[in-house]
$ cat work25.txt   # compact mmCIF, C-alpha atoms
# COMPACT_ATOMS: atom_id res chain seq x y z
CA MET A 1 29.03 -9.99 36.57
CA SER A 2 29.31 -13.39 34.91
CA ILE A 3 27.80 -14.48 31.61
CA GLU A 4 25.55 -16.83 33.60
CA GLN A 5 24.12 -13.88 35.53
CA ILE A 6 23.53 -11.94 32.31
CA HIS A 7 21.77 -14.97 30.85
CA LYS A 8 19.55 -15.35 33.93
CA HIS A 9 18.47 -11.70 33.80
CA ILE A 10 17.73 -11.76 30.08
CA GLU A 11 15.82 -15.02 30.49
CA ARG A 12 13.74 -13.54 33.32
CA LEU A 13 12.91 -10.45 31.25
CA ALA A 14 11.96 -12.69 28.32
CA ASN A 15 9.64 -14.73 30.57
CA LEU A 16 7.95 -11.59 31.86
CA LEU A 17 7.46 -10.32 28.32
CA ARG A 18 6.05 -13.67 27.11
CA THR A 19 3.60 -13.83 30.02
CA GLN A 20 2.34 -10.31 29.39
CA SER A 21 2.22 -10.94 25.65
CA ARG A 22 0.00 -14.00 26.15
CA GLN A 23 -2.34 -11.95 28.35
CA LEU A 24 -2.53 -9.04 25.89
CA LEU A 25 -3.03 -11.32 22.87
CA ALA A 26 -5.74 -13.50 24.41
CA ASP A 27 -8.40 -10.95 23.40
CA TYR A 28 -7.26 -11.26 19.77
CA GLY A 29 -6.97 -15.06 19.75
CA LEU A 30 -3.26 -14.81 18.93
CA GLN A 31 -0.13 -16.47 20.27
CA PRO A 32 3.17 -14.68 21.03
CA ILE A 33 4.81 -16.24 17.96
CA GLN A 34 2.18 -14.58 15.78
CA LEU A 35 2.94 -11.21 17.34
CA GLU A 36 6.63 -11.81 16.63
CA VAL A 37 5.78 -12.46 12.98
CA LEU A 38 3.85 -9.18 12.80
CA ARG A 39 6.65 -7.24 14.52
CA TYR A 40 9.21 -8.60 12.10
CA LEU A 41 7.07 -7.90 9.03
CA SER A 42 6.47 -4.35 10.24
CA VAL A 43 10.18 -3.49 10.07
CA CYS A 44 11.71 -5.67 7.35
CA ASN A 45 12.47 -4.72 3.77
CA ARG A 46 11.34 -6.17 0.45
CA TYR A 47 14.19 -8.69 0.40
CA SER A 48 13.13 -10.08 3.76
CA ASP A 49 9.30 -10.03 3.84
CA THR A 50 8.91 -13.68 2.83
CA VAL A 51 8.18 -16.88 4.72
CA LYS A 52 11.89 -17.71 4.45
CA GLY A 53 12.86 -14.33 5.92
CA VAL A 54 10.45 -14.74 8.84
CA THR A 55 11.67 -18.32 9.41
CA GLU A 56 15.33 -17.27 9.47
CA TYR A 57 14.73 -14.25 11.69
CA LEU A 58 12.63 -16.07 14.28
CA GLY A 59 14.66 -19.29 14.15
CA GLN A 60 11.43 -21.28 13.79
CA THR A 61 10.53 -24.10 11.43
CA LYS A 62 8.92 -23.29 8.10
CA GLY A 63 5.83 -25.22 9.23
CA THR A 64 5.42 -23.15 12.40
CA VAL A 65 5.83 -19.91 10.49
CA SER A 66 3.48 -21.00 7.69
CA GLN A 67 0.77 -21.93 10.20
CA SER A 68 1.21 -18.61 12.01
CA ILE A 69 0.90 -16.72 8.74
CA LYS A 70 -2.29 -18.63 7.85
CA VAL A 71 -3.83 -17.57 11.16
CA LEU A 72 -2.74 -13.96 10.62
CA GLU A 73 -4.19 -14.01 7.10
CA ARG A 74 -7.54 -15.37 8.33
CA LYS A 75 -7.68 -12.64 10.94
CA GLY A 76 -6.99 -9.94 8.33
CA LEU A 77 -3.60 -9.00 9.78
CA VAL A 78 -1.36 -10.14 6.90
CA THR A 79 -1.76 -10.13 3.12
CA LYS A 80 0.26 -11.95 0.47
CA HIS A 81 1.53 -10.37 -2.76
CA VAL A 82 3.30 -12.15 -5.62
CA ASP A 83 6.57 -10.50 -6.64
CA SER A 84 6.25 -8.47 -9.83
CA THR A 85 9.49 -9.78 -11.36
CA ASP A 86 9.75 -13.31 -9.91
CA LYS A 87 6.36 -15.02 -9.60
CA ARG A 88 7.86 -17.70 -7.32
CA ILE A 89 8.37 -15.13 -4.54
CA VAL A 90 5.48 -14.17 -2.28
CA HIS A 91 5.82 -11.04 -0.15
CA LEU A 92 4.00 -10.67 3.16
CA LYS A 93 2.58 -7.31 4.25
CA ILE A 94 0.87 -6.36 7.47
CA THR A 95 -2.48 -4.59 7.35
CA ASN A 96 -3.60 -1.42 9.10
CA ASN A 97 -5.36 -3.62 11.69
CA ALA A 98 -2.01 -5.30 12.40
CA ARG A 99 -0.32 -1.90 12.79
CA SER A 100 -3.02 -0.90 15.26
CA LEU A 101 -2.44 -4.11 17.23
CA LEU A 102 1.31 -3.52 17.26
CA ASN A 103 0.83 0.04 18.51
CA LYS A 104 -1.10 -1.37 21.49
CA THR A 105 1.35 -4.14 22.33
CA VAL A 106 4.84 -2.93 21.34
CA PRO A 107 6.67 -1.87 23.36
CA ALA A 108 5.08 -4.05 26.02
CA PRO A 109 3.40 -2.16 28.86
CA LEU A 110 6.07 -3.62 31.18
CA PHE A 111 8.68 -1.57 29.36
CA ARG A 112 6.49 1.49 28.90
CA ASN A 113 5.95 1.58 32.67
CA ALA A 114 9.66 1.08 33.40
CA ASP A 115 10.62 3.78 30.89
CA LYS A 116 9.01 6.36 33.14
CA GLN A 117 11.45 5.42 35.89
CA LEU A 118 14.61 5.06 33.81
CA LYS A 119 16.67 8.15 33.28
CA ARG A 120 17.47 8.79 29.64
CA GLN A 121 21.21 8.32 30.19
CA SER A 122 20.61 4.99 31.93
CA ALA A 123 18.28 3.84 29.15
CA ASN A 124 20.94 4.71 26.54
CA GLN A 125 23.59 2.76 28.47
CA ILE A 126 21.31 -0.28 28.65
CA LEU A 127 20.53 -0.04 24.94
CA ASN A 128 24.20 0.23 23.99
CA ALA A 129 25.07 -2.75 26.23
CA LEU A 130 22.28 -4.85 24.67
CA ILE A 131 23.38 -3.93 21.14
CA SER A 132 26.93 -4.90 22.03
CA LEU A 133 25.78 -8.19 23.56
CA LEU A 134 23.61 -9.03 20.56
CA ARG A 135 26.39 -8.22 18.12
CA THR A 136 28.89 -10.32 20.08
CA VAL A 137 26.51 -13.30 20.31
CA GLN A 138 25.78 -13.10 16.57
CA LYS A 139 29.45 -12.91 15.60
CA ALA A 140 30.58 -15.60 18.06
CA ASN A 141 27.95 -18.01 16.75
CA ASP A 142 28.12 -17.03 13.07
CA LEU A 143 24.49 -15.86 13.04
CA LYS A 144 22.90 -13.46 10.58
CA SER A 145 22.66 -9.93 11.92
CA PHE A 146 19.36 -8.87 10.31
CA GLY A 147 20.63 -5.34 10.74
CA VAL A 148 19.26 -2.07 9.44
CA CYS A 149 20.09 -1.49 5.79
CA HIS A 150 21.89 1.83 6.25
CA THR A 151 24.52 0.08 8.39
CA CYS A 152 25.17 -2.69 5.87
CA ARG A 153 28.42 -2.92 3.96
CA TYR A 154 26.40 -3.25 0.73
CA ASN A 155 24.61 0.06 1.23
CA GLN A 156 26.03 2.72 -1.08
CA LYS A 157 25.19 6.37 -1.46
CA THR A 158 25.15 7.45 -5.07
CA ALA A 159 26.45 10.74 -6.50
CA ASP A 160 22.90 12.04 -6.89
CA GLY A 161 22.16 11.45 -3.17
CA ASN A 162 20.18 8.23 -3.60
CA TYR A 163 21.02 4.82 -2.16
CA LEU A 164 21.93 1.59 -3.88
CA CYS A 165 22.19 -1.97 -2.60
CA GLY A 166 25.58 -3.20 -3.80
CA LEU A 167 24.40 -6.80 -3.48
CA THR A 168 21.19 -6.57 -5.54
CA LYS A 169 22.17 -3.47 -7.55
CA GLU A 170 18.72 -2.02 -6.84
CA VAL A 171 17.93 1.56 -5.89
CA LEU A 172 16.84 2.01 -2.28
CA SER A 173 14.66 4.76 -0.88
CA SER A 174 15.46 6.66 2.30
CA GLU A 175 12.66 4.57 3.90
CA ASP A 176 14.20 1.32 2.63
CA ILE A 177 17.51 1.98 4.35
CA GLN A 178 15.77 2.23 7.75
CA LEU A 179 14.41 -1.34 7.50
CA ILE A 180 16.08 -4.57 8.54
CA CYS A 181 17.34 -7.00 5.93
CA LYS A 182 18.15 -10.71 5.99
CA GLU A 183 21.07 -10.03 3.62
CA HIS A 184 22.66 -7.52 6.03
CA GLU A 185 26.38 -7.74 6.55
CA ASP A 186 27.88 -5.59 9.22
CA GLY A 187 29.61 -2.53 7.88
CA GLU A 188 31.44 -2.19 11.20
CA ARG A 189 28.95 0.46 12.23
CA VAL A 190 26.45 0.14 15.08
CA PHE A 191 23.22 -1.45 13.87
CA GLY A 192 19.74 -1.73 15.32
CA VAL A 193 17.01 -4.33 15.38
CA LEU A 194 13.24 -4.49 15.87
$ encode --input "work25.txt" --output "structure tokens"
Amino acid sequence: MSIEQIHKHIERLANLLRTQSRQLLADYGLQPIQLEVLRYLSVCNRYSDTVKGVTEYLGQTKGTVSQSIKVLERKGLVTKHVDSTDKRIVHLKITNNARSLLNKTVPAPLFRNADKQLKRQSANQILNALISLLRTVQKANDLKSFGVCHTCRYNQKTADGNYLCGLTKEVLSSEDIQLICKEHEDGERVFGVL
């Protein structure tokens, strides 16, 4: 199979997902980009839950992201919180209503329906191939990985069994290390995404 064929199949899947996303979100008055913002904020850590983090992850302009966040705020799906140590930083958090919306729309019904027909072994092979493809594309194009903290080269386990970010020198909880981070650098371990 050629890279062109892989691209065509991924593009077709993306189109199907976007179409279904638009249909599902119409009842909420939301656009697919706004759902992407919510998905990202639901799985990112405290170093990444900012407008800049969303902008970098989605590859959108700051203006597009800012407008999306305003809509999500008005609809009661996102709240803003000023950082306790650096008042210039504003953290974005999703609300319980946003979590409820995400539970209804992610994974998309297209994939939920297909999951019933995929054998577990086949699903694992597809997942591993997609992770490998994503990792290769990111490395070949010098893109940020936005990987899960526990796979980052900065993640350190301390003698007392806790975790520490070697970059920020801050203690991390066992929940923190399961979240994605914009500062992630591959520790040569397999990493996951949203």
$ residues_around --input "work25.txt" --residues "A:Arg135" --least-positions-apart "4" --cutoff "8 Å" --atoms "only C-alpha atoms" --output "list in words"
Ile131, Lys139 and Ser145 of chain A
$ closest_atom_pairs --input "work25.txt" --of "stretch 63-104 of chain A" --to "stretch 18-32 of chain A" --cutoff "12 Å" --atoms "all atoms listed in the file" --output "JSON lines"
{"residue": "A:Thr64", "atom": "CA", "partner": "A:Gln31", "partner_atom": "CA", "distance": 11.7}
{"residue": "A:Val65", "atom": "CA", "partner": "A:Gln31", "partner_atom": "CA", "distance": 12.0}
{"residue": "A:Gln67", "atom": "CA", "partner": "A:Gln31", "partner_atom": "CA", "distance": 11.5}
{"residue": "A:Ser68", "atom": "CA", "partner": "A:Gln31", "partner_atom": "CA", "distance": 8.6}
{"residue": "A:Ile69", "atom": "CA", "partner": "A:Leu30", "partner_atom": "CA", "distance": 11.2}
{"residue": "A:Lys70", "atom": "CA", "partner": "A:Leu30", "partner_atom": "CA", "distance": 11.8}
{"residue": "A:Val71", "atom": "CA", "partner": "A:Leu30", "partner_atom": "CA", "distance": 8.3}
{"residue": "A:Leu72", "atom": "CA", "partner": "A:Leu30", "partner_atom": "CA", "distance": 8.4}
{"residue": "A:Glu73", "atom": "CA", "partner": "A:Leu30", "partner_atom": "CA", "distance": 11.9}
{"residue": "A:Arg74", "atom": "CA", "partner": "A:Gly29", "partner_atom": "CA", "distance": 11.4}
{"residue": "A:Lys75", "atom": "CA", "partner": "A:Tyr28", "partner_atom": "CA", "distance": 8.9}
{"residue": "A:Gly76", "atom": "CA", "partner": "A:Tyr28", "partner_atom": "CA", "distance": 11.5}
{"residue": "A:Leu77", "atom": "CA", "partner": "A:Leu30", "partner_atom": "CA", "distance": 10.8}
{"residue": "A:Asn97", "atom": "CA", "partner": "A:Tyr28", "partner_atom": "CA", "distance": 11.3}
{"residue": "A:Ala98", "atom": "CA", "partner": "A:Tyr28", "partner_atom": "CA", "distance": 10.8}
{"residue": "A:Leu101", "atom": "CA", "partner": "A:Tyr28", "partner_atom": "CA", "distance": 9.0}
{"residue": "A:Leu102", "atom": "CA", "partner": "A:Leu25", "partner_atom": "CA", "distance": 10.5}
{"residue": "A:Lys104", "atom": "CA", "partner": "A:Leu24", "partner_atom": "CA", "distance": 9.0}
$ residues_around --input "work25.txt" --residues "stretch 111-114 of chain A" --least-positions-apart "5" --cutoff "12 Å" --atoms "all atoms listed in the file" --output "compact mmCIF listing (two decimals) with C-alpha atoms, keeping the file's coordinate frame"
# COMPACT_ATOMS: atom_id res chain seq x y z
CA LEU A 13 12.91 -10.45 31.25
CA ALA A 14 11.96 -12.69 28.32
CA LEU A 16 7.95 -11.59 31.86
CA LEU A 17 7.46 -10.32 28.32
CA GLN A 20 2.34 -10.31 29.39
CA SER A 21 2.22 -10.94 25.65
CA ASN A 103 0.83 0.04 18.51
CA LYS A 104 -1.10 -1.37 21.49
CA THR A 105 1.35 -4.14 22.33
CA VAL A 106 4.84 -2.93 21.34
CA LYS A 119 16.67 8.15 33.28
CA ARG A 120 17.47 8.79 29.64
CA SER A 122 20.61 4.99 31.93
CA ALA A 123 18.28 3.84 29.15
$ atom_distance --input "work25.txt" --atom1 "atom CA of A:Leu167" --atom2 "atom CA of A:Glu183"
8.5 Å
$ residues_around --input "work25.txt" --residues "A:Gly53" --least-positions-apart "4" --cutoff "9 Å" --atoms "all atoms listed in the file" --output "PDB file with C-alpha atoms, in the frame of the given file"
ATOM      1  CA  CYS A  44      11.710  -5.670   7.350  1.00  0.00           C
ATOM      2  CA  TYR A  47      14.190  -8.690   0.400  1.00  0.00           C
ATOM      3  CA  SER A  48      13.130 -10.080   3.760  1.00  0.00           C
ATOM      4  CA  ASP A  49       9.300 -10.030   3.840  1.00  0.00           C
ATOM      5  CA  TYR A  57      14.730 -14.250  11.690  1.00  0.00           C
ATOM      6  CA  LEU A  58      12.630 -16.070  14.280  1.00  0.00           C
ATOM      7  CA  CYS A 181      17.340  -7.000   5.930  1.00  0.00           C
ATOM      8  CA  LYS A 182      18.150 -10.710   5.990  1.00  0.00           C
TER       9      LYS A 182
END
$ closest_residue --input "work25.txt" --among "A:Thr79, A:Asn124, A:Asn155, A:Thr85" --to "A:Gln178" --atoms "all atoms listed in the file"
A:Asn155
$ atom_distance --input "work25.txt" --atom1 "atom CA of A:Glu36" --atom2 "atom CA of A:Gln121"
28.3 Å
$ closest_residue --input "work25.txt" --among "A:His150, A:Lys93, A:Lys169, A:His81" --to "A:Val37" --atoms "all atoms listed in the file"
A:Lys93
$ atom_distance --input "work25.txt" --atom1 "atom CA of A:Tyr163" --atom2 "atom CA of A:Ile177"
7.9 Å
$ closest_residue --input "work25.txt" --among "A:Ser66, A:Ala108, A:His9, A:Asn128" --to "A:Ile33" --atoms "only C-alpha atoms"
A:Ser66
$ residues_around --input "work25.txt" --residues "A:Leu164" --least-positions-apart "5" --cutoff "12 Å" --atoms "only C-alpha atoms" --output "VMD selection string"
chain A and resid 149 to 150 152 to 159 169 to 174 176 to 177
$ closest_residue --input "work25.txt" --among "A:Ile89, A:Leu133, A:Val148, A:Leu143" --to "A:Glu56" --atoms "all atoms listed in the file"
A:Leu143
$ residues_around --input "work25.txt" --residues "A:His91" --least-positions-apart "5" --cutoff "8 Å" --atoms "all atoms listed in the file" --output "list in words"
Arg46, Asp49, Thr50, Val51, Lys80, His81, Val82 and Asp83 of chain A
$ closest_atom_pairs --input "work25.txt" --of "stretch 86-174 of chain A" --to "stretch 4-8 of chain A" --cutoff "12 Å" --atoms "only C-alpha atoms" --output "JSON lines"
{"residue": "A:Ala129", "atom": "CA", "partner": "A:Ile6", "partner_atom": "CA", "distance": 11.1}
{"residue": "A:Leu130", "atom": "CA", "partner": "A:Ile6", "partner_atom": "CA", "distance": 10.5}
{"residue": "A:Leu133", "atom": "CA", "partner": "A:Ile6", "partner_atom": "CA", "distance": 9.8}
{"residue": "A:Val137", "atom": "CA", "partner": "A:His7", "partner_atom": "CA", "distance": 11.7}
$ write_last_selection --input "work25.txt" --atoms "C-alpha atoms" --output "compact mmCIF listing (two decimals), in the coordinates of the input"
# COMPACT_ATOMS: atom_id res chain seq x y z
CA ALA A 129 25.07 -2.75 26.23
CA LEU A 130 22.28 -4.85 24.67
CA LEU A 133 25.78 -8.19 23.56
CA VAL A 137 26.51 -13.30 20.31
$ decode --input "work25.txt" --residues "stretch 60-71 of chain A" --atoms "N, CA and C atoms" --output "PDB file, in the first residue's frame"
ATOM      1  N   GLN A  60      -4.594  25.681  14.916  1.00  0.00           N
ATOM      2  CA  GLN A  60      -5.494  26.763  14.493  1.00  0.00           C
ATOM      3  C   GLN A  60      -4.880  28.104  14.867  1.00  0.00           C
ATOM      4  N   THR A  61      -5.486  29.171  14.369  1.00  0.00           N
ATOM      5  CA  THR A  61      -5.015  30.504  14.750  1.00  0.00           C
ATOM      6  C   THR A  61      -5.523  30.827  16.150  1.00  0.00           C
ATOM      7  N   LYS A  62      -4.835  31.751  16.812  1.00  0.00           N
ATOM      8  CA  LYS A  62      -5.255  32.169  18.143  1.00  0.00           C
ATOM      9  C   LYS A  62      -6.652  32.778  18.098  1.00  0.00           C
ATOM     10  N   GLY A  63      -6.959  33.512  17.020  1.00  0.00           N
ATOM     11  CA  GLY A  63      -8.274  34.127  16.871  1.00  0.00           C
ATOM     12  C   GLY A  63      -9.387  33.095  16.784  1.00  0.00           C
ATOM     13  N   THR A  64      -9.173  32.048  15.995  1.00  0.00           N
ATOM     14  CA  THR A  64     -10.171  30.985  15.857  1.00  0.00           C
ATOM     15  C   THR A  64     -10.403  30.300  17.196  1.00  0.00           C
ATOM     16  N   VAL A  65      -9.328  29.999  17.886  1.00  0.00           N
ATOM     17  CA  VAL A  65      -9.444  29.325  19.179  1.00  0.00           C
ATOM     18  C   VAL A  65     -10.119  30.238  20.202  1.00  0.00           C
ATOM     19  N   SER A  66      -9.725  31.494  20.237  1.00  0.00           N
ATOM     20  CA  SER A  66     -10.322  32.445  21.190  1.00  0.00           C
ATOM     21  C   SER A  66     -11.821  32.581  20.960  1.00  0.00           C
ATOM     22  N   GLN A  67     -12.243  32.669  19.701  1.00  0.00           N
ATOM     23  CA  GLN A  67     -13.674  32.767  19.393  1.00  0.00           C
ATOM     24  C   GLN A  67     -14.406  31.498  19.802  1.00  0.00           C
ATOM     25  N   SER A  68     -13.800  30.349  19.572  1.00  0.00           N
ATOM     26  CA  SER A  68     -14.411  29.073  19.966  1.00  0.00           C
ATOM     27  C   SER A  68     -14.580  29.007  21.476  1.00  0.00           C
ATOM     28  N   ILE A  69     -13.568  29.457  22.195  1.00  0.00           N
ATOM     29  CA  ILE A  69     -13.623  29.428  23.657  1.00  0.00           C
ATOM     30  C   ILE A  69     -14.710  30.376  24.172  1.00  0.00           C
ATOM     31  N   LYS A  70     -14.860  31.536  23.534  1.00  0.00           N
ATOM     32  CA  LYS A  70     -15.928  32.468  23.930  1.00  0.00           C
ATOM     33  C   LYS A  70     -17.298  31.809  23.785  1.00  0.00           C
ATOM     34  N   VAL A  71     -17.513  31.113  22.680  1.00  0.00           N
ATOM     35  CA  VAL A  71     -18.783  30.420  22.466  1.00  0.00           C
ATOM     36  C   VAL A  71     -18.983  29.356  23.546  1.00  0.00           C
TER      37      VAL A  71
END
